[in-house]
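> To start, I am sharing the structure in question, which I have written as structure tokens.
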Amino acid sequence: MKRNHEWINNFNEWIMSACRSNMDIKFVWSGSDAKALAYYVTDYVTKSSLSFHDSLALMIKATKDFDKKQSDSSDNIHERSRRLLLKMHNTLASQQELSGVQVASYILNFPDHYTTHEFQKIYLIGIENHLEKCLQDAKTQQENGSNMIENQTYAQIHEFEDDLDVLNEHFLIESAENNKMVFVNSRIDYQHRDNTLNNYCLYDFTSWFRKKKIDENDKRILAKTNEETTSISRGRPSNERYKFLPQHPQHFSHILMKWTKPRVPVLIGPMIPRRERDETKERYYRAILTLFVPWRTITDLCDVTET
DNA sequence: AGAATCATCTTCGTCGGATT
DNA sequence: AATCCGACGAAGATGATTCT
């Protein structure tokens, strides 16, 4: 906390280089310190560049000027009010302080905001519901173990209907080969990803991959990667492409394509339950688990959630 | 000789207009 | 209104040419 140099406020070499010399750091000692800082920051962030009494004074000045100048004019009332408003606006705008940076970026047509990352949504609730249903199925299977095989086939056949009826899992209707329409969603895309992507968890999967309709170029590139020829080609190298497993309804019509830069998954779904029943909490934690543990079949997932 | 720059090539990824 | 599709600029690679 010692200030070792009279020019410097709480100087720390390492922090300074870590944040590339962009330093406005303050150590928060006490509660009153924290309060003072909170006040300072809020005030700083929300300060209007022109305070209310200033702008009122300016508007009064504008009105006076207007009355002086325009008293003899015989324009109609609409035109007069229009001019008054314009005058007020101009007075206000001309008194507005603008920083050099603001002006420069306006003239250079810079955007109003930047985002350093692109985002991709994950809808948690559907996956959570699916998982819960599968867990229940597994439990009932265990209980009457003798009928296990029968149950399994039953579950496979009726998977779609059950999903649509019982769960609120959201499906999209998309085209497959021969203009056939199929039900798909990100869960199905993930489950039937190519075997080389086994180690991707759902979170990384959504962050790295997107679904794309196959075109001629994709076919060519897929064929080239199969040949494994390491010939040097000019131009930008193509991104990785993967097929869906044959179980996927869009196996023939769509592929997975890797982004050049990963996107940031945004989890959309229920919030962390704070004072909920344990059962709900459990459900929630299980759902989160499905995001960060690679899985393919529901049995994988059940095993993981058991442990 | 090595770097810096320019030219060319190919693919990525978004946008807006056309189409259904 | 939704979807498709082509256009186009950006990105990222190689190769050629110029500069130091």
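Chain lettering (A, B, ...) mirrors the order of the structure tokens, residue numbering begins at 1 for each chain separately, and ligand numbering begins at 1 in order of display.
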Quick one: contact table of chain C to chain A, 10 Å max, nearest atom pair and distance in Å to one decimal per residue, counting only C-alpha atoms (C1' of nucleotides), chain and number order, as CSV?


```
residue,atom,partner,partner_atom,distance
C:DA11,C1',A:Arg236,CA,7.6
C:DG12,C1',A:Arg236,CA,5.0
C:DA13,C1',A:Arg236,CA,4.9
C:DT14,C1',A:Arg234,CA,5.7
C:DG15,C1',A:Arg234,CA,9.3
```

> Residues of chain B within 9 Å of chain A, counting only C-alpha atoms (C1' of nucleotides) - could you list those as a list in words?

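Per the criterion, chain B yields DT8, DC9, DT10, DT11 and DC12 of chain B.
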
> Take the residues that were just selected and, keeping N, CA, C and O atoms (P, O5', C5', C4', C3', O3' and C1' of nucleotides), output them as a JSON list (two decimals), in the first residue's frame.


```
[["chain", "number", "residue", "atom", "x", "y", "z"],
["B", 8, "DT", "P", -2.12, -10.37, -59.81],
["B", 8, "DT", "O5'", -2.45, -11.83, -59.24],
["B", 8, "DT", "C5'", -1.42, -12.81, -59.23],
["B", 8, "DT", "C4'", -1.90, -14.04, -58.49],
["B", 8, "DT", "C3'", -3.35, -14.42, -58.78],
["B", 8, "DT", "O3'", -3.38, -15.76, -59.24],
["B", 8, "DT", "C1'", -2.92, -14.45, -56.46],
["B", 9, "DC", "P", -4.71, -16.41, -59.82],
["B", 9, "DC", "O5'", -5.09, -17.42, -58.65],
["B", 9, "DC", "C5'", -4.08, -18.24, -58.09],
["B", 9, "DC", "C4'", -4.61, -18.89, -56.82],
["B", 9, "DC", "C3'", -6.05, -19.39, -56.93],
["B", 9, "DC", "O3'", -6.09, -20.74, -56.55],
["B", 9, "DC", "C1'", -5.75, -18.10, -54.97],
["B", 10, "DT", "P", -7.32, -21.65, -57.00],
["B", 10, "DT", "O5'", -8.10, -21.86, -55.64],
["B", 10, "DT", "C5'", -7.44, -22.53, -54.56],
["B", 10, "DT", "C4'", -8.16, -22.21, -53.27],
["B", 10, "DT", "C3'", -9.66, -22.51, -53.29],
["B", 10, "DT", "O3'", -9.89, -23.61, -52.43],
["B", 10, "DT", "C1'", -9.15, -20.46, -52.20],
["B", 11, "DT", "P", -11.35, -24.20, -52.21],
["B", 11, "DT", "O5'", -11.75, -23.53, -50.83],
["B", 11, "DT", "C5'", -10.89, -23.69, -49.71],
["B", 11, "DT", "C4'", -11.35, -22.79, -48.58],
["B", 11, "DT", "C3'", -12.81, -23.00, -48.18],
["B", 11, "DT", "O3'", -12.84, -23.23, -46.78],
["B", 11, "DT", "C1'", -12.34, -20.70, -48.51],
["B", 12, "DC", "P", -14.21, -23.47, -46.01],
["B", 12, "DC", "O5'", -14.42, -22.07, -45.30],
["B", 12, "DC", "C5'", -13.37, -21.56, -44.49],
["B", 12, "DC", "C4'", -13.81, -20.28, -43.80],
["B", 12, "DC", "C3'", -15.17, -20.34, -43.12],
["B", 12, "DC", "O3'", -15.06, -19.67, -41.88],
["B", 12, "DC", "C1'", -15.15, -18.61, -44.75]]
```

> Could you check how far CA of Tyr203 (chain A) sits from CA of Gln250 (chain A), in Å to one decimal?

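These two atoms are separated by 21.5 Å.
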
> Compile the contact shell of DT19 (chain B) as number ranges by chain: residues with an atom at most 12 Å away, counting only C-alpha atoms (C1' of nucleotides), same-chain residues fewer than 4 positions apart removed.

C: 2-5

> Take the residues that were just selected and, keeping C-alpha atoms (C1' of nucleotides), output them as a PDB file, in the first residue's frame.


```pdb
ATOM      1  C1'  DA C   2     -39.631 -18.117 -44.147  1.00  0.00           C
ATOM      2  C1'  DT C   3     -36.090 -19.981 -46.641  1.00  0.00           C
ATOM      3  C1'  DC C   4     -32.724 -20.285 -50.212  1.00  0.00           C
ATOM      4  C1'  DC C   5     -28.882 -18.756 -52.670  1.00  0.00           C
TER       5       DC C   5
END
```

> If you run DSSP on this backbone, which residues of region 176-259 of chain A come out as helix (DSSP H, G or I), and could you give them as a PyMOL selection string?

chain A and resi 177-179+186-191+195-197+202-208+216-227

> Neighbours of DG6 (chain C) within 10 Å (only C-alpha atoms (C1' of nucleotides); same-chain residues fewer than 2 positions away dropped), as a PyMOL selection string?

(chain B and resi 17-18) or (chain C and resi 4+8)
